[in-house]
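Before any comments, here is the structure.
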Amino acid sequence: MTMPVPLPRIERFEKLAYGMFIHWGLYSQLGRGEWVKHIENIPISEYAKLKNTFTAAKFDAKAIARLAKDAGMRYICLTTRHHEGFSLYDTRGLTNFDAMHSPAGRDLVAEFVEGCRMYDIVPFFYHTTLDWYQDSFKNDFNAYLDYLNQSVEILCTHYGTVGGLWFDGNWSKPDADWKEARLYATIRKLQPEAIIVNNTGLFAQGALGNPEIDSVTFEQGRPEPMKRDGMPKYIAAEMCQTMNKHWGIGANDFCYLSPKEIIENLCACRKVGANFLLNVGLTAEGQIPEYETAALRRVGQWIKIHADVIYNGKPYKVTSAGQDFALERNGHIYLFIHNLGSGGDVNVTINERDKSPRAFSGIAQQVKSCKWMDNNQQLSFTQNSDGLFCFNAAANPYGSNFVIRVAGVV
Ligand code: GLC
């Protein structure tokens with residue numbers, strides 16, 4: 001079996017590593033998630049009125065891109081149009097159901113792209129394929145597909161080079177002919193370097209699709225290692241996840257990931273070479289809420305310590321007990337050590353005794369040095385002739401807790 005080699009665009013995508021997903025639309029004004037129209041059975045005529053109060057008054061794309069940068073994220077994927085059918089971009093006459101025809105009166109996708117460019121963040125466009133607004137979606141599917149194709153043409157023509165297009169909704173009509181080949185040919189013609197994703201949804205995580213697709217999706221689920229042997233093309237993987245329980249903002253959703261869990265999920269993705277696309281739902285007026293802002297910044301501080309290996313490290317096969325794993329980068333091996341206790345005085349810290357030595361088999365090279373990446377402290381180790389490598393990881397020193405602590409081995 002031969003192992004396919006990634007195309008340059010796919011290799012670049014994998015190095016983006018960590019991105020921000022943004023869900024924003026008319027639904028954001030209701031604060032009950034992006035499926036609210038469907039779930040509460042709100043008639044279109046009623047729902048469409050939300051356009052008249054959509055102001056985007058506090059949408060500051062530069063501030064969002066800057067936050068993404070501080071958070072260690074390298075790309076942002078914005079819902080340019082979600083299932084509700086409302087477009088954040090100027091549809092240039094295709095429909096009146098867009099931001100230009102709302103009180104916002106601005107092309108919000110143009111602003112988004114401009115903000116991203118300022119901070120060297122790669123813009124991606126989420127675009128729905130399922131549409132609750134267009135009659136043609138139900139009544140004249142071919143006409144609808146023409147409309148979809150024209151919509152994507154607009155996105156590929158007016159906003160400079162984009163990182164990729166991220167489709168979502170084909171799972172809603174599994175037996176339909178979506179004319180995917182035509183849609184992707186439109187993209188390849190206008191944006192040859194764009195990554196193409198088409199979300200396979202909650203029930204088919206990691207499923208392969210049309211050969212033009214560049215990455216599989218793991219929606220709300222930790223990615224499995226990809227079995228690429230014998231594949232005609234190297235395909236990347238991306239896990240997308242909500243920070244709470246909704247993609248669109250939920251005023252009464254208190255069920256948030258902590259910075260700890262975000263770090264764990266990011267590491268679980270990089271362990272198998274997958275990207276992590278973490279979602280925030282913007283407020284009605286277009287801002288990232290406070291908790292999300294703070295949590296992202298906090299994780300960004302952890303990423304800064306390990307930036308090079310997080311973005312560029314490749315999975316490296318070792319065997320270890322528990323969740324520990326390794327990445328490789330330029331001949332260095334990085335060991336990701338989980339569940340270290342907290343060191344310090346027994347009267348003030350718990351789990352003080354968790355000073356477990358960690359053992360890895362599979363490290364092919366003769367190890368010369370082993371150190372913590374966060375403080376460069378050298379660690380004593382042993383490596384026997386079978387290649388079994390052991391070091392005493394000890395507890396997190398009093399005054400710190402890295403959640404996952406990274407040891408660099410060379
Ligand atoms: C699902 C949902 C959608 C969300 C998407 C993100 O397909 O329908 O609301 O945007 O997942 O992955």
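By convention here, the chains of the structure tokens are called A, B, ... in the order presented, each chain's residues are numbered starting at 1, and ligands are numbered starting at 1 in the order presented.
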
Check which residues of range 293-368 of chain A sit at most 6 Å from range 400-407 of chain A using only C-alpha atoms, and return one row each with the closest pair of atoms and their distance in Å to one decimal, ordered by chain and rising number, as JSON lines.
```
{"residue": "A:Tyr334", "atom": "CA", "partner": "A:Ala407", "partner_atom": "CA", "distance": 5.6}
{"residue": "A:Leu335", "atom": "CA", "partner": "A:Ala407", "partner_atom": "CA", "distance": 5.1}
{"residue": "A:Phe336", "atom": "CA", "partner": "A:Val406", "partner_atom": "CA", "distance": 4.7}
{"residue": "A:Ile337", "atom": "CA", "partner": "A:Arg405", "partner_atom": "CA", "distance": 5.1}
{"residue": "A:His338", "atom": "CA", "partner": "A:Ile404", "partner_atom": "CA", "distance": 4.8}
```

Serialized selection, N, CA, C and O atoms, as a CSV table (one decimal), in the first residue's frame:
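Contents of selection37.csv, freshly written:
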```csv
chain,number,residue,atom,x,y,z
A,334,TYR,N,8.3,15.4,21.1
A,334,TYR,CA,7.7,16.1,22.2
A,334,TYR,C,6.7,15.2,22.9
A,334,TYR,O,5.8,14.6,22.2
A,335,LEU,N,6.9,15.0,24.2
A,335,LEU,CA,6.0,14.1,24.9
A,335,LEU,C,4.9,14.9,25.7
A,335,LEU,O,5.3,15.8,26.4
A,336,PHE,N,3.7,14.6,25.4
A,336,PHE,CA,2.6,15.3,26.0
A,336,PHE,C,2.1,14.6,27.2
A,336,PHE,O,1.5,13.5,27.1
A,337,ILE,N,2.4,15.1,28.4
A,337,ILE,CA,2.2,14.4,29.7
A,337,ILE,C,0.9,14.9,30.4
A,337,ILE,O,0.8,16.0,30.7
A,338,HIS,N,0.0,13.9,30.6
A,338,HIS,CA,-1.3,14.2,31.2
A,338,HIS,C,-1.3,13.8,32.6
A,338,HIS,O,-0.6,13.0,33.1
```

Contacts of Leu88 in chain A within 7 Å, only C-alpha atoms, excl. fewer than 3 positions in-chain, as JSON, numbers by chain: {"A": [80, 81, 98, 99, 107, 108, 109]}

Quick one: write out the picked residues with all heavy atoms as a compact mmCIF listing (two decimals), in the first residue's frame?
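Generated file (again-v9.txt):
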```
# COMPACT_ATOMS: atom_id res chain seq x y z
N THR A 80 -21.12 32.49 6.56
CA THR A 80 -21.54 33.54 5.62
C THR A 80 -23.03 33.42 5.33
O THR A 80 -23.70 34.40 5.04
CB THR A 80 -20.74 33.47 4.31
OG1 THR A 80 -20.98 32.19 3.69
CG2 THR A 80 -19.25 33.62 4.56
N ARG A 81 -23.53 32.19 5.38
CA ARG A 81 -24.99 31.95 5.32
C ARG A 81 -25.26 30.63 6.04
O ARG A 81 -24.59 29.63 5.78
CB ARG A 81 -25.47 31.85 3.88
CG ARG A 81 -27.00 31.60 3.78
CD ARG A 81 -27.44 31.22 2.36
NE ARG A 81 -27.21 32.28 1.40
CZ ARG A 81 -27.18 32.08 0.07
NH1 ARG A 81 -27.39 30.87 -0.42
NH2 ARG A 81 -26.94 33.09 -0.75
N ASP A 98 -30.35 39.50 2.75
CA ASP A 98 -28.92 39.59 3.07
C ASP A 98 -28.65 40.83 3.91
O ASP A 98 -29.54 41.68 4.10
CB ASP A 98 -28.05 39.53 1.81
CG ASP A 98 -28.18 40.76 0.92
OD1 ASP A 98 -28.88 41.73 1.30
OD2 ASP A 98 -27.58 40.75 -0.17
N ALA A 99 -27.43 40.93 4.40
CA ALA A 99 -27.06 42.02 5.32
C ALA A 99 -27.24 43.39 4.68
O ALA A 99 -27.58 44.36 5.37
CB ALA A 99 -25.62 41.84 5.78
N ASP A 107 -21.53 44.97 3.93
CA ASP A 107 -21.10 43.62 3.54
C ASP A 107 -20.21 43.10 4.68
O ASP A 107 -19.03 43.44 4.78
CB ASP A 107 -20.34 43.67 2.22
CG ASP A 107 -19.97 42.27 1.73
OD1 ASP A 107 -19.81 41.36 2.57
OD2 ASP A 107 -19.84 42.10 0.50
N LEU A 108 -20.77 42.28 5.53
CA LEU A 108 -20.07 41.85 6.75
C LEU A 108 -18.97 40.84 6.43
O LEU A 108 -18.00 40.71 7.18
CB LEU A 108 -21.09 41.30 7.75
CG LEU A 108 -22.17 42.33 8.10
CD1 LEU A 108 -23.33 41.68 8.84
CD2 LEU A 108 -21.59 43.48 8.92
N VAL A 109 -19.11 40.15 5.32
CA VAL A 109 -18.06 39.22 4.92
C VAL A 109 -16.84 40.00 4.43
O VAL A 109 -15.70 39.63 4.72
CB VAL A 109 -18.59 38.21 3.87
CG1 VAL A 109 -17.46 37.38 3.28
CG2 VAL A 109 -19.63 37.30 4.53
```

Do you know which residues are within 9 Å of ligand 1 using only C-alpha atoms and all ligand atoms? Can you write them as an MDAnalysis selection string? chainID A and resid 21 23 33:35 79 82:83 126 128 130 168:169 171:172 199:202 217:220 239:242 246:248 279

Using DSSP on the backbone, list every residue of range 16-48 of chain A that comes out as strand (DSSP E or B), and give them as a list of chain:residue names. A:Tyr18, A:Gly19, A:Met20, A:Phe21, A:Ile22, A:His23, A:Arg32

Which one of A:Ile10, A:Met226, A:Val299, A:Ile39 sits closest to Ile213 in chain A if you count only C-alpha atoms?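 Among the listed residues, A:Ile10 lies closest to Ile213 in chain A.
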
Within 12 Å of Lys58 in chain A, counting only C-alpha atoms, which residues qualify if same-chain residues fewer than 2 places away don't, as an mmCIF file with C-alpha atoms, in the first residue's frame?
```cif
data_model
loop_
_atom_site.group_PDB
_atom_site.id
_atom_site.type_symbol
_atom_site.label_atom_id
_atom_site.label_comp_id
_atom_site.auth_asym_id
_atom_site.auth_seq_id
_atom_site.Cartn_x
_atom_site.Cartn_y
_atom_site.Cartn_z
ATOM 1 C CA PHE A 54 -30.298 43.047 12.492
ATOM 2 C CA THR A 55 -27.885 45.965 12.963
ATOM 3 C CA ALA A 56 -24.416 44.416 13.339
ATOM 4 C CA ASP A 60 -15.691 44.700 14.770
ATOM 5 C CA ALA A 61 -13.928 42.185 12.550
ATOM 6 C CA LYS A 62 -10.504 43.555 13.398
ATOM 7 C CA ALA A 63 -11.084 43.058 17.105
ATOM 8 C CA ILE A 64 -12.253 39.495 16.459
ATOM 9 C CA ALA A 104 -26.704 46.750 9.043
ATOM 10 C CA LEU A 108 -20.068 41.850 6.745
ATOM 11 C CA LEU A 282 -21.632 36.033 18.403
ATOM 12 C CA THR A 283 -24.123 38.249 20.187
ATOM 13 C CA ALA A 284 -26.995 39.745 18.197
ATOM 14 C CA GLU A 285 -24.888 42.829 17.538
ATOM 15 C CA GLY A 286 -21.819 40.875 16.517
ATOM 16 C CA GLN A 287 -19.507 40.569 19.507
ATOM 17 C CA ILE A 288 -17.746 37.615 21.062
ATOM 18 C CA PRO A 289 -19.201 37.221 24.572
#
```

Surrounding residues of Tyr47 in chain A excluding itself and chain neighbours under 2 positions, 12 Å, only C-alpha atoms, as a list in words: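 My list of contacting residues is Gly25, Leu26, Tyr27, Gln29, Leu30, Trp35, Val36, Lys37, His38, Glu40, Asn41, Ile42, Pro43, Ile44, Ser45, Lys49, Leu50, Lys51, Asn52, Thr53, Phe54, Glu84, Gly85, Phe86, Phe97, Trp132 and Tyr133 of chain A.
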
Can you pull out the residues contacting range 12-20 of chain A? Cut-off 8 Å, using only C-alpha atoms, and skip same-chain residues under 3 positions away; I want them as a PyMOL selection string. chain A and resi 8-9+68+72-77+195+236+266+270+273-280+310-312

Per-residue DSSP, range 92-286 of chain A, filtered to alpha helix (DSSP H), as a ChimeraX atom specification: /A:108-118,135-139,141-157,180-190,259-271

Hey, what's within 10 Å of Asn252 in chain A if we count only C-alpha atoms and toss same-chain stuff fewer than 2 positions away? As a list in words, please?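 So, after excluding close chain neighbours, the residues are Gly31, Arg32, Gly33, Ile249, Gly250, Phe254 and Cys255 of chain A.
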
Please save N, CA, C and O atoms of the selected residues as a PDB file, in the first residue's frame.
```pdb
ATOM      1  N   GLY A  31     -31.143  34.281  20.707  1.00  0.00           N
ATOM      2  CA  GLY A  31     -30.328  33.688  21.773  1.00  0.00           C
ATOM      3  C   GLY A  31     -30.763  32.290  22.172  1.00  0.00           C
ATOM      4  O   GLY A  31     -30.589  31.888  23.321  1.00  0.00           O
ATOM      5  N   ARG A  32     -31.303  31.546  21.227  1.00  0.00           N
ATOM      6  CA  ARG A  32     -31.692  30.160  21.544  1.00  0.00           C
ATOM      7  C   ARG A  32     -31.123  29.187  20.508  1.00  0.00           C
ATOM      8  O   ARG A  32     -31.737  28.193  20.178  1.00  0.00           O
ATOM      9  N   GLY A  33     -29.939  29.516  20.030  1.00  0.00           N
ATOM     10  CA  GLY A  33     -29.272  28.604  19.102  1.00  0.00           C
ATOM     11  C   GLY A  33     -29.665  28.847  17.656  1.00  0.00           C
ATOM     12  O   GLY A  33     -30.668  29.510  17.362  1.00  0.00           O
ATOM     13  N   ILE A 249     -25.461  31.642  19.529  1.00  0.00           N
ATOM     14  CA  ILE A 249     -25.442  32.032  20.949  1.00  0.00           C
ATOM     15  C   ILE A 249     -26.682  31.522  21.694  1.00  0.00           C
ATOM     16  O   ILE A 249     -27.790  31.512  21.150  1.00  0.00           O
ATOM     17  N   GLY A 250     -26.464  31.078  22.928  1.00  0.00           N
ATOM     18  CA  GLY A 250     -27.556  30.587  23.754  1.00  0.00           C
ATOM     19  C   GLY A 250     -27.553  31.346  25.071  1.00  0.00           C
ATOM     20  O   GLY A 250     -26.684  31.130  25.917  1.00  0.00           O
ATOM     21  N   PHE A 254     -25.308  27.501  29.952  1.00  0.00           N
ATOM     22  CA  PHE A 254     -24.227  27.716  30.921  1.00  0.00           C
ATOM     23  C   PHE A 254     -23.193  26.596  30.869  1.00  0.00           C
ATOM     24  O   PHE A 254     -22.307  26.514  31.707  1.00  0.00           O
ATOM     25  N   CYS A 255     -23.355  25.719  29.914  1.00  0.00           N
ATOM     26  CA  CYS A 255     -22.585  24.481  29.916  1.00  0.00           C
ATOM     27  C   CYS A 255     -21.300  24.622  29.095  1.00  0.00           C
ATOM     28  O   CYS A 255     -21.203  24.121  27.980  1.00  0.00           O
TER      29      CYS A 255
END
```

Could you tell me how far CA of Arg92 in chain A sits from CA of Cys156 in chain A, in Å to one decimal place?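 For CA of Cys156 in chain A relative to CA of Arg92 in chain A, the distance reads 13.2 Å.
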
What separation in Å, quoted to one decimal, exists between CA of Asn149 in chain A and CA of Gly164 in chain A?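 Straight-line distance from CA of Asn149 in chain A to CA of Gly164 in chain A works out to 15.3 Å.
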
Nearest to Phe391 in chain A by atom-to-atom distance, counting only C-alpha atoms, from A:Cys116, A:Ala359, A:Ala207, A:Val346: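 Counting only C-alpha atoms, the residue closest to Phe391 in chain A is A:Ala359.
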